[in-house]
Each structure stands twice: as C-alpha cells, then as structure tokens.
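my_file-v9.txt (compact mmCIF, C-alpha atoms) appears below.
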```txt
# COMPACT_ATOMS: atom_id res chain seq x y z
CA MET A 56 5.27 10.13 -24.99
CA LEU A 57 6.42 6.57 -24.70
CA SER A 58 4.29 3.85 -23.20
CA THR A 59 5.13 2.49 -19.73
CA VAL A 60 7.07 -0.46 -21.09
CA ARG A 61 8.76 1.34 -23.96
CA ARG A 62 10.10 4.23 -21.91
CA TRP A 63 11.93 2.24 -19.28
CA LYS A 64 13.12 -0.29 -21.87
CA TYR A 65 14.63 2.50 -23.94
CA GLN A 66 16.35 3.72 -20.81
CA ALA A 67 17.57 0.17 -20.34
CA LEU A 68 19.19 0.21 -23.77
CA ALA A 69 21.08 3.34 -22.84
CA VAL A 70 22.20 1.79 -19.58
CA CYS A 71 23.21 -1.45 -21.28
CA SER A 72 25.35 0.54 -23.71
CA ALA A 73 27.09 2.10 -20.72
CA LEU A 74 27.55 -1.33 -19.20
CA LEU A 75 29.14 -2.58 -22.42
CA VAL A 76 31.66 0.24 -22.36
CA VAL A 77 32.54 -0.52 -18.75
CA ALA A 78 32.77 -4.23 -19.45
CA CYS A 79 35.16 -3.67 -22.30
CA SER A 80 37.42 -1.52 -20.18
CA THR A 81 37.35 -3.55 -16.94
CA GLY A 82 36.63 -7.06 -18.16
CA ASP A 83 33.91 -7.61 -15.55
CA VAL A 84 30.66 -6.01 -14.39
CA THR A 85 28.77 -6.97 -11.25
CA GLN A 86 25.37 -5.76 -10.09
CA SER A 87 24.45 -6.03 -6.43
CA GLU A 88 22.11 -4.45 -3.92
CA SER A 89 23.72 -2.16 -1.37
CA SER A 90 22.43 -0.98 2.00
CA ASP A 91 24.63 2.11 1.88
CA PRO A 92 23.49 4.51 -0.85
CA VAL A 93 26.27 6.32 -2.67
CA THR A 94 25.68 9.66 -4.35
CA GLY A 95 28.82 9.95 -6.42
CA SER A 96 28.29 7.26 -9.06
CA ASP A 97 26.78 7.43 -12.55
CA PRO A 98 23.17 8.67 -12.24
CA ALA A 99 22.08 6.19 -14.90
CA MET A 100 23.44 3.26 -12.93
CA GLU A 101 21.71 3.33 -9.55
CA VAL A 102 18.68 4.43 -7.57
CA ASN A 103 18.59 4.87 -3.80
CA LEU A 104 15.28 3.49 -2.54
CA TYR A 105 13.95 4.32 0.92
CA SER A 106 11.12 1.88 1.58
CA SER A 107 8.80 0.95 4.43
CA ARG A 108 7.43 -2.02 2.49
CA HIS A 109 8.82 -5.02 4.38
CA TYR A 110 7.75 -7.69 1.93
CA ASP A 111 10.20 -10.34 0.74
CA THR A 112 8.52 -10.47 -2.66
CA ASP A 113 9.48 -6.85 -3.31
CA ARG A 114 13.06 -8.03 -3.80
CA ALA A 115 11.88 -9.67 -7.02
CA LEU A 116 10.64 -6.26 -8.18
CA TYR A 117 14.00 -4.66 -7.54
CA ASP A 118 15.94 -7.51 -9.12
CA ASN A 119 13.75 -7.44 -12.22
CA PHE A 120 14.16 -3.69 -12.55
CA THR A 121 17.93 -4.10 -12.40
CA THR A 122 17.81 -6.93 -14.94
CA GLU A 123 15.71 -4.84 -17.32
CA THR A 124 17.65 -1.58 -16.97
CA GLY A 125 21.06 -2.29 -15.44
CA VAL A 126 20.22 0.24 -12.71
CA LYS A 127 21.21 -1.05 -9.27
CA VAL A 128 18.70 -0.59 -6.45
CA ASN A 129 20.30 0.50 -3.17
CA LEU A 130 17.74 -0.32 -0.50
CA ILE A 131 17.19 1.34 2.87
CA GLU A 132 14.28 -0.08 4.88
CA ALA A 133 12.54 1.37 7.94
CA ASP A 134 9.06 1.77 9.35
CA GLY A 135 7.00 4.47 7.67
CA ASP A 136 7.32 7.19 10.31
CA GLU A 137 11.01 6.39 10.91
CA LEU A 138 11.62 6.67 7.18
CA ILE A 139 10.05 10.12 7.05
CA GLU A 140 12.07 11.26 10.07
CA ARG A 141 15.29 9.94 8.52
CA VAL A 142 14.82 11.82 5.25
CA GLN A 143 13.94 14.97 7.20
CA SER A 144 17.06 14.70 9.36
CA GLU A 145 19.29 14.14 6.32
CA GLY A 146 18.04 17.35 4.74
CA GLU A 147 19.64 18.50 1.50
CA ASN A 148 22.32 15.84 1.89
CA SER A 149 19.83 12.98 1.76
CA PRO A 150 20.81 10.36 -0.83
CA ALA A 151 17.18 9.22 -1.15
CA ASP A 152 15.95 9.05 -4.74
CA VAL A 153 12.62 7.30 -4.17
CA ILE A 154 10.47 7.19 -1.03
CA LEU A 155 8.12 4.20 -1.03
CA THR A 156 5.63 3.65 1.78
CA VAL A 157 2.21 2.25 2.65
CA ASP A 158 -1.01 4.15 3.29
CA ALA A 159 -2.21 7.50 1.96
CA GLY A 160 -1.79 8.93 5.46
CA ARG A 161 1.97 8.43 5.42
CA LEU A 162 2.27 9.67 1.84
CA TRP A 163 0.43 12.80 2.97
CA ARG A 164 2.75 13.25 5.96
CA ALA A 165 5.79 12.97 3.71
CA GLN A 166 4.19 15.44 1.32
CA GLU A 167 3.46 17.91 4.12
CA ALA A 168 7.08 17.59 5.27
CA GLY A 169 8.22 18.63 1.79
CA LEU A 170 9.97 15.34 1.06
CA PHE A 171 8.71 14.86 -2.52
CA GLN A 172 9.36 16.77 -5.72
CA PRO A 173 6.78 16.99 -8.51
CA ILE A 174 7.43 15.03 -11.68
CA GLU A 175 5.76 14.93 -15.07
CA SER A 176 5.32 11.46 -16.50
CA GLU A 177 2.72 10.66 -19.12
CA VAL A 178 3.45 7.01 -18.41
CA LEU A 179 2.32 7.36 -14.80
CA GLU A 180 -0.50 9.79 -15.50
CA THR A 181 -1.92 7.39 -18.08
CA ALA A 182 -1.45 4.18 -16.10
CA ILE A 183 -2.34 5.27 -12.55
CA PRO A 184 -5.99 6.23 -11.94
CA GLU A 185 -6.51 9.82 -10.82
CA SER A 186 -7.80 8.79 -7.39
CA PHE A 187 -4.55 6.93 -6.71
CA ARG A 188 -2.13 9.79 -7.42
CA GLN A 189 -1.35 13.21 -6.02
CA PRO A 190 -2.69 15.85 -8.45
CA ASP A 191 0.63 17.70 -8.75
CA GLY A 192 2.69 14.58 -9.44
CA LEU A 193 4.28 14.39 -5.98
CA TRP A 194 3.41 10.72 -5.42
CA PHE A 195 1.63 7.79 -7.03
CA GLY A 196 -0.12 4.67 -5.76
CA PHE A 197 1.10 1.38 -7.23
CA SER A 198 -0.95 -1.23 -5.38
CA SER A 199 -4.10 -1.24 -3.29
CA ARG A 200 -5.70 -3.17 -0.47
CA ALA A 201 -9.35 -3.17 0.58
CA ARG A 202 -10.45 -2.66 4.20
CA ILE A 203 -12.93 -5.52 4.39
CA ILE A 204 -15.04 -7.37 6.95
CA VAL A 205 -14.10 -10.97 7.70
CA TYR A 206 -16.60 -13.23 9.39
CA ASN A 207 -16.71 -16.64 11.05
CA LYS A 208 -18.57 -18.89 8.61
CA ASP A 209 -20.13 -20.92 11.44
CA LYS A 210 -21.48 -17.89 13.30
CA VAL A 211 -22.34 -15.27 10.70
CA ASP A 212 -24.41 -15.39 7.53
CA PRO A 213 -22.98 -12.87 5.03
CA SER A 214 -26.53 -11.64 4.40
CA GLU A 215 -26.31 -10.08 7.88
CA LEU A 216 -23.54 -7.77 6.67
CA SER A 217 -23.99 -4.62 4.60
CA THR A 218 -21.97 -1.49 5.47
CA TYR A 219 -19.34 -0.17 7.86
CA GLU A 220 -22.04 2.07 9.28
CA ALA A 221 -24.27 -0.91 10.15
CA LEU A 222 -21.62 -2.37 12.47
CA THR A 223 -22.92 -0.15 15.27
CA ASP A 224 -26.13 -2.21 15.41
CA SER A 225 -26.67 -3.79 18.83
CA LYS A 226 -26.69 -7.27 17.28
CA TRP A 227 -22.90 -6.97 16.96
CA LYS A 228 -22.32 -6.14 20.63
CA GLY A 229 -19.29 -8.06 21.92
CA ARG A 230 -18.61 -9.55 18.48
CA ILE A 231 -16.17 -7.20 16.67
CA ALA A 232 -12.36 -7.36 16.59
CA ILE A 233 -10.16 -4.61 15.17
CA ARG A 234 -6.72 -3.06 15.58
CA SER A 235 -6.01 -0.04 17.75
CA SER A 236 -6.61 3.57 16.75
CA SER A 237 -2.85 4.03 16.37
CA ASN A 238 -2.98 1.85 13.27
CA MET A 239 -2.76 3.92 10.10
CA TYR A 240 -5.10 1.62 8.16
CA ASN A 241 -7.90 2.32 10.64
CA GLN A 242 -7.16 6.04 10.65
CA SER A 243 -7.48 6.16 6.87
CA MET A 244 -10.73 4.19 6.94
CA VAL A 245 -12.18 6.64 9.46
CA ALA A 246 -10.83 9.54 7.39
CA SER A 247 -12.77 8.26 4.39
CA MET A 248 -15.91 8.04 6.52
CA ILE A 249 -15.47 11.64 7.69
CA GLU A 250 -15.41 12.68 4.05
CA ALA A 251 -18.48 10.55 3.25
CA ASN A 252 -20.64 11.16 6.32
CA GLY A 253 -19.28 14.21 8.11
CA LEU A 254 -17.42 14.61 11.39
CA GLU A 255 -20.36 14.38 13.80
CA ALA A 256 -21.90 11.27 12.24
CA THR A 257 -18.54 9.53 12.03
CA GLU A 258 -17.77 10.22 15.69
CA ALA A 259 -21.13 8.75 16.67
CA TRP A 260 -20.32 5.73 14.49
CA ALA A 261 -16.92 5.27 16.16
CA GLN A 262 -18.55 5.36 19.60
CA GLY A 263 -21.04 2.72 18.50
CA LEU A 264 -18.29 0.54 17.05
CA VAL A 265 -16.28 0.71 20.27
CA ALA A 266 -19.37 -0.35 22.21
CA ASN A 267 -19.49 -3.52 20.10
CA PHE A 268 -15.84 -4.58 20.53
CA ALA A 269 -15.33 -8.21 21.56
CA ARG A 270 -12.07 -7.22 23.29
CA GLU A 271 -9.70 -4.30 23.64
CA PRO A 272 -7.87 -3.74 20.34
CA GLU A 273 -4.63 -5.71 20.13
CA GLY A 274 -2.30 -7.18 17.53
CA ASN A 275 -2.15 -6.81 13.76
CA ASP A 276 -4.67 -7.76 11.09
CA THR A 277 -3.58 -11.40 11.12
CA ASP A 278 -4.36 -11.48 14.85
CA GLN A 279 -7.86 -10.14 14.16
CA ILE A 280 -8.43 -12.87 11.56
CA SER A 281 -7.22 -15.53 13.99
CA ALA A 282 -9.55 -14.14 16.66
CA VAL A 283 -12.49 -14.62 14.30
CA ALA A 284 -11.38 -18.12 13.31
CA ASP A 285 -10.93 -19.07 16.99
CA GLY A 286 -14.32 -17.71 18.04
CA VAL A 287 -12.97 -14.84 20.15
CA ALA A 288 -14.90 -12.51 17.83
CA ASP A 289 -17.44 -13.15 15.10
CA ILE A 290 -16.32 -10.44 12.67
CA ALA A 291 -13.30 -8.19 12.18
CA ILE A 292 -12.20 -5.31 9.95
CA VAL A 293 -8.91 -6.09 8.20
CA ASN A 294 -6.96 -5.49 5.00
CA SER A 295 -7.77 -7.90 2.20
CA TYR A 296 -4.21 -9.03 1.51
CA TYR A 297 -3.84 -10.51 5.00
CA VAL A 298 -6.67 -12.93 4.24
CA ALA A 299 -5.34 -13.76 0.79
CA ARG A 300 -1.88 -14.37 2.27
CA LEU A 301 -3.28 -16.98 4.67
CA ALA A 302 -5.39 -18.61 1.96
CA ASN A 303 -2.42 -18.85 -0.43
CA SER A 304 0.04 -20.01 2.25
CA GLU A 305 1.63 -23.45 2.14
CA ASP A 306 1.37 -23.65 5.94
CA PRO A 307 -1.52 -25.97 6.93
CA THR A 308 -2.22 -23.85 10.02
CA ASP A 309 -2.70 -20.73 7.88
CA GLN A 310 -4.90 -22.64 5.47
CA GLU A 311 -7.07 -23.88 8.33
CA VAL A 312 -7.57 -20.33 9.61
CA ALA A 313 -8.49 -19.12 6.12
CA SER A 314 -10.98 -21.96 5.66
CA LYS A 315 -12.98 -20.82 8.70
CA ILE A 316 -13.56 -17.25 7.56
CA GLY A 317 -15.32 -15.45 4.75
CA MET A 318 -14.54 -12.10 3.13
CA PHE A 319 -17.18 -9.39 2.77
CA PHE A 320 -16.75 -6.13 0.86
CA PRO A 321 -19.01 -3.56 2.58
CA ASN A 322 -20.94 -0.62 1.12
CA GLN A 323 -21.50 -2.22 -2.28
CA ASP A 324 -24.83 -0.40 -2.69
CA ASP A 325 -23.39 3.09 -2.13
CA ARG A 326 -19.83 4.46 -2.25
CA GLY A 327 -18.04 1.09 -2.25
CA THR A 328 -15.48 -0.52 0.05
CA HIS A 329 -12.71 1.67 1.43
CA ILE A 330 -9.36 1.03 -0.21
CA ASN A 331 -5.91 2.31 0.54
CA ILE A 332 -2.68 2.36 -1.38
CA SER A 333 1.00 1.66 -1.24
CA GLY A 334 2.92 4.22 -3.23
CA GLY A 335 5.80 6.59 -3.54
CA GLY A 336 7.44 9.50 -5.26
CA VAL A 337 10.75 11.08 -6.16
CA ALA A 338 12.58 12.51 -3.14
CA VAL A 339 12.98 16.28 -3.11
CA HIS A 340 16.80 16.15 -3.21
CA ALA A 341 17.12 13.01 -5.35
CA PRO A 342 20.66 12.77 -6.77
CA HIS A 343 19.51 10.30 -9.46
CA ARG A 344 16.26 11.87 -10.59
CA GLU A 345 15.93 10.20 -13.98
CA SER A 346 16.63 6.76 -12.55
CA ALA A 347 14.05 7.47 -9.86
CA ILE A 348 11.39 8.32 -12.44
CA ALA A 349 12.29 5.22 -14.44
CA PHE A 350 11.89 3.11 -11.29
CA LEU A 351 8.44 4.55 -10.56
CA GLU A 352 7.39 3.96 -14.16
CA TYR A 353 8.58 0.37 -13.86
CA LEU A 354 6.29 -0.10 -10.85
CA ALA A 355 3.37 0.73 -13.15
CA SER A 356 4.44 -1.82 -15.77
CA PRO A 357 2.41 -5.01 -16.36
CA GLU A 358 5.26 -7.11 -14.94
CA ALA A 359 5.49 -5.16 -11.68
CA GLN A 360 1.73 -4.91 -11.27
CA ALA A 361 1.45 -8.68 -11.61
CA LEU A 362 4.15 -9.14 -8.97
CA PHE A 363 2.23 -6.98 -6.48
CA ALA A 364 -0.75 -9.28 -6.95
CA ASP A 365 0.93 -12.66 -7.23
CA GLY A 366 3.72 -12.01 -4.74
CA ASN A 367 2.01 -10.01 -1.99
CA ASN A 368 -1.71 -10.50 -2.63
CA GLU A 369 -2.33 -6.80 -3.29
CA PHE A 370 -4.72 -5.50 -5.92
CA PRO A 371 -2.96 -3.89 -8.90
CA VAL A 372 -3.98 -0.31 -9.66
CA VAL A 373 -3.39 -0.43 -13.42
CA ALA A 374 -6.51 -1.47 -15.29
CA GLY A 375 -6.31 -4.67 -17.28
CA THR A 376 -3.51 -6.28 -15.26
CA PRO A 377 -3.94 -10.08 -15.59
CA LEU A 378 -4.51 -11.76 -12.22
CA ASN A 379 -2.97 -15.19 -11.71
CA ASN A 380 -3.87 -14.97 -8.02
CA GLU A 381 -7.15 -16.90 -7.98
CA TYR A 382 -8.10 -15.71 -4.51
CA LEU A 383 -7.85 -12.04 -5.53
CA ALA A 384 -9.46 -12.63 -8.91
CA GLU A 385 -12.65 -13.74 -7.16
CA PHE A 386 -13.09 -10.26 -5.67
CA VAL A 387 -11.64 -7.98 -8.36
CA ASP A 388 -15.09 -6.87 -9.56
CA ARG A 389 -16.18 -5.51 -6.17
CA LYS A 390 -17.15 -1.84 -6.00
CA THR A 391 -14.53 0.30 -4.26
CA ASP A 392 -14.59 3.87 -2.99
CA SER A 393 -13.14 6.27 -5.56
CA LEU A 394 -12.26 8.93 -2.98
CA GLN A 395 -9.01 10.68 -3.88
CA ALA A 396 -6.16 9.24 -1.81
CA GLU A 397 -4.78 12.69 -0.99
CA ILE A 398 -8.10 13.63 0.67
CA ILE A 399 -7.82 10.54 2.88
CA GLY A 400 -4.34 11.64 3.89
CA LYS A 401 -5.49 15.15 4.72
CA GLN A 402 -8.19 13.82 7.05
CA ASN A 403 -5.96 11.38 8.94
CA ASP A 404 -5.05 13.68 11.83
CA GLU A 405 -8.71 14.60 12.35
CA ALA A 406 -9.62 10.92 12.22
CA LEU A 407 -7.16 10.08 15.00
CA LYS A 408 -8.53 12.84 17.25
CA LEU A 409 -12.05 11.59 16.62
CA MET A 410 -11.13 7.99 17.45
CA ASP A 411 -9.53 9.13 20.69
CA ARG A 412 -12.66 11.05 21.69
CA ALA A 413 -14.75 7.95 20.92
CA GLY A 414 -12.68 5.84 23.31
CA TRP A 415 -11.05 3.79 20.56
CA ARG A 416 -7.69 2.92 22.09
```
Please render this file's structure as structure tokens.
Amino acid sequence: MLSTVRRWKYQALAVCSALLVVACSTGDVTQSESSDPVTGSDPAMEVNLYSSRHYDTDRALYDNFTTETGVKVNLIEADGDELIERVQSEGENSPADVILTVDAGRLWRAQEAGLFQPIESEVLETAIPESFRQPDGLWFGFSSRARIIVYNKDKVDPSELSTYEALTDSKWKGRIAIRSSSNMYNQSMVASMIEANGLEATEAWAQGLVANFAREPEGNDTDQISAVADGVADIAIVNSYYVARLANSEDPTDQEVASKIGMFFPNQDDRGTHINISGGGVAVHAPHRESAIAFLEYLASPEAQALFADGNNEFPVVAGTPLNNEYLAEFVDRKTDSLQAEIIGKQNDEALKLMDRAGWR
C-alpha cells in the first residue's frame, strides 16, 4: 500500500489530469467552497464534509487539501448532536461524505446510529494509533486534547497535585471549578474513570468532587481558566488546548490570564492523563466515497497533523509529527491514558447517569 503522502498525492495527479481536460474545454476552472453539497458532480472532484469543529484554522486544512488534490470541500457545520440528527433525518439521501466531530462520545453516538461505513486504509491503520481508531474502521481520531488540571500559581504548589482521584481530598473544599455534567468532555473523563476504577468507586469520587466545588458549574473551559486566574477557584479541570490558545494569543488580556496559571497532567504514576480525540469517518451513504477516504488520509498527513497543533493547539496523533508550537512541545512527553477511544464512547451514557446521581449539575 502507498504511504499517507503518496496515496493522496497520486490521487491528486489523477484529479489534476481531469482538471486539465476541463480547462482545455472550458478555458477556465475555479475551485470554491460551497455550503450546499451537490451529489451529481464528478466523484473525484468534491467531498461533502459535515463538521462540528468550529475552528477557523480548519479552513486552512480544507484549502490545502483542495490545493493538493483539486477536490473541492463542501462544508456543512453544526454542533455535534445537531450534526448527528441531521444525517439521521436525511437518511439514504444524505449527501454527507465525511462526518467530523469532537469527542469519542459523539463518535460513538454516530456509530450507534449507523452513520458510518467501514473502510480499509493501510495509510490510516499505520498512521493512527490503535487506541485512537474504531477497530472495524468506522472512524479515526486525528487530533487529541488532554483533560488537565490548571492551578493558580500564587495559591497552589504543583507538588500538591497528583491524580484526578485525589481531588476529593478535603483540602480542595471550595477550591475546584469545572464545567457542567452536560459537557461531553467531562462525561468522557468520567467514562474513562469508570473503566479504570469501576462504577461504585467512580460514583463516590464524583460525589467527593462535587463537595469540593468552588461554585456551581457554569461556562466553558475558558471560563474555568479565568475563574482560576481571578481567584474564584484555585484549580480547574479543562482541556489542554484552551490553555495553549490563551498562552499563544496576541491579546494581552489572554496572555495575562495564561501567565497566572500552571498546567498539571494528572496520574503520571499510573494510567496517565485522560485524553480525548477529534475524529471522523466516511458517512454510510457517502456519494463520493473515494474522495472521502482521500480526505481522511490527508488528515493523517504530516502537513495536516502540524496544522492541528500549530493552528488549534491540539496534540497530533501521528507519532513523529514535528511541533512548532512551543507551548505544546513542553508537554508532549507526558504520560497519557491509552484506553481505547471506543470504550470511552460506550461508557458515556453510564457516566452521565452517574454524574447526575452524584449531584453534578
């Protein structure tokens, strides 16, 4: 089989040949992004992408893919659950070729709804670690983010921190900020703890964590970081890329917030820090299947992996990807949990029920 780069570049040559024929017959060729996918055009010339990744830097990924292959990316964006509902409602007539979303929980929900089709790609199976892909080839993770602890440098010595489990200690009473239980990132973290520690122990942990909240859960991860920087809480559990985004921002206010906090990767002496993925797969009724596979393979290329890191402060999943993002590079050697992402997804519903019983609103 071809390597990641070679395969999609060979496909690009085929597409470019097609472009040349069209150019000779029409005198002009334009490539643009459309918000209205069309199913009747040349399968080699477009891919209909349904994405819940609302990151401006992803546009560079799509543009680069088009530049490399000539395949136009037609983009439909929606929140993760809305995206799943849309593809379900469209049924066999759905124009979706690729479904791209964040969190193993949502990938699992899409899988359970029958929205993916299995694919065989030696490129993806070689590049993407086993823990970051569905065993039957239904979906693949392309970037990761760690669920870390941030702390106020003036109030907390990092030597006081160790594991997620230790956050139930009474010394943290009234000092912890975190998002609500409705947040998928928290559900997946708890799901991983169920797998590691069992249901009963994890429920007791969740009750202890709730008892140590500095306030009722509110806002997103950036709000939790700000709460720590402002002294509302002393520590918070957040995704790593939110911190890196503030640290790498050109906004002085963001930089000031980042300067007041430290990042801690818990559970380094046992299973490692919980990580989650952003990923996708080929839609079950994809009208442009080969273009869809080529697009997924492009996301595993060195160029795309570097863009995930440099553009959105996410950790690449492909080993050996050079990191120009100095903030991420400082933490790339941290131990992370190797739990299979599909297992996290399977446990998400149970995690939400547990959090509700524990009083985590």
Kindly provide the residues of region 165-230 of chain A that approach region 388-412 of chain A to within 9 Å, each paired with its closest atom pair and their distance in Å to one decimal, based on all atoms listed in the file, listed by chain and increasing number, as CSV.
```
residue,atom,partner,partner_atom,distance
A:Glu185,CA,A:Gln395,CA,7.4
A:Ser186,CA,A:Gln395,CA,4.2
A:Phe187,CA,A:Ala396,CA,5.7
A:Arg188,CA,A:Ala396,CA,6.9
A:Gln189,CA,A:Glu397,CA,6.1
A:Pro190,CA,A:Glu397,CA,8.4
A:Gly196,CA,A:Ala396,CA,8.5
A:Ala201,CA,A:Thr391,CA,7.9
```
Show me a table, sorted first by chain and then by increasing residue number, of the residues of region 183-271 of chain A having an atom at most 7 Å from region 142-161 of chain A, each with its shortest atom pair and the distance in Å to one decimal, counting all atoms listed in the file and written as a Markdown table.
```
| residue | atom | partner | partner_atom | distance |
| --- | --- | --- | --- | --- |
| A:Met239 | CA | A:Gly160 | CA | 6.9 |
| A:Tyr240 | CA | A:Asp158 | CA | 6.8 |
| A:Ser243 | CA | A:Gly160 | CA | 6.5 |
```
>> So that I can see what lies close to Ala133 (chain A), please list as a PyMOL selection string the residues with an atom at most 12 Å from it, counting all atoms listed in the file and leaving out residues fewer than 5 positions away in the same chain.
In response: chain A and resi 90+104-110+138-142+154-157
>> Which residues are close to Ala282 (chain A), i.e. within 12 Å by only C-alpha atoms, leaving aside same-chain residues fewer than 6 positions away? Reply as a ChimeraX atom specification.
In response: /A:205-207,230-234,269-270,272-276,288-293,312-313,315-316
Dump of C-alpha atoms for the selected residues, as a JSON list (two decimals), in the coordinates of the input:
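Wrote part-v8.json, looks like this:
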```
[["chain", "number", "residue", "atom", "x", "y", "z"],
["A", 205, "VAL", "CA", -14.10, -10.97, 7.70],
["A", 206, "TYR", "CA", -16.60, -13.23, 9.39],
["A", 207, "ASN", "CA", -16.71, -16.64, 11.05],
["A", 230, "ARG", "CA", -18.61, -9.55, 18.48],
["A", 231, "ILE", "CA", -16.17, -7.20, 16.67],
["A", 232, "ALA", "CA", -12.36, -7.36, 16.59],
["A", 233, "ILE", "CA", -10.16, -4.61, 15.17],
["A", 234, "ARG", "CA", -6.72, -3.06, 15.58],
["A", 269, "ALA", "CA", -15.33, -8.21, 21.56],
["A", 270, "ARG", "CA", -12.07, -7.22, 23.29],
["A", 272, "PRO", "CA", -7.87, -3.74, 20.34],
["A", 273, "GLU", "CA", -4.63, -5.71, 20.13],
["A", 274, "GLY", "CA", -2.30, -7.18, 17.53],
["A", 275, "ASN", "CA", -2.15, -6.81, 13.76],
["A", 276, "ASP", "CA", -4.67, -7.76, 11.09],
["A", 288, "ALA", "CA", -14.90, -12.51, 17.83],
["A", 289, "ASP", "CA", -17.44, -13.15, 15.10],
["A", 290, "ILE", "CA", -16.32, -10.44, 12.67],
["A", 291, "ALA", "CA", -13.30, -8.19, 12.18],
["A", 292, "ILE", "CA", -12.20, -5.31, 9.95],
["A", 293, "VAL", "CA", -8.91, -6.09, 8.20],
["A", 312, "VAL", "CA", -7.57, -20.33, 9.61],
["A", 313, "ALA", "CA", -8.49, -19.12, 6.12],
["A", 315, "LYS", "CA", -12.98, -20.82, 8.70],
["A", 316, "ILE", "CA", -13.56, -17.25, 7.56]]
```
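What separates CA of Glu137 (chain A) from CA of Gly335 (chain A) is a distance of 15.4 Å.
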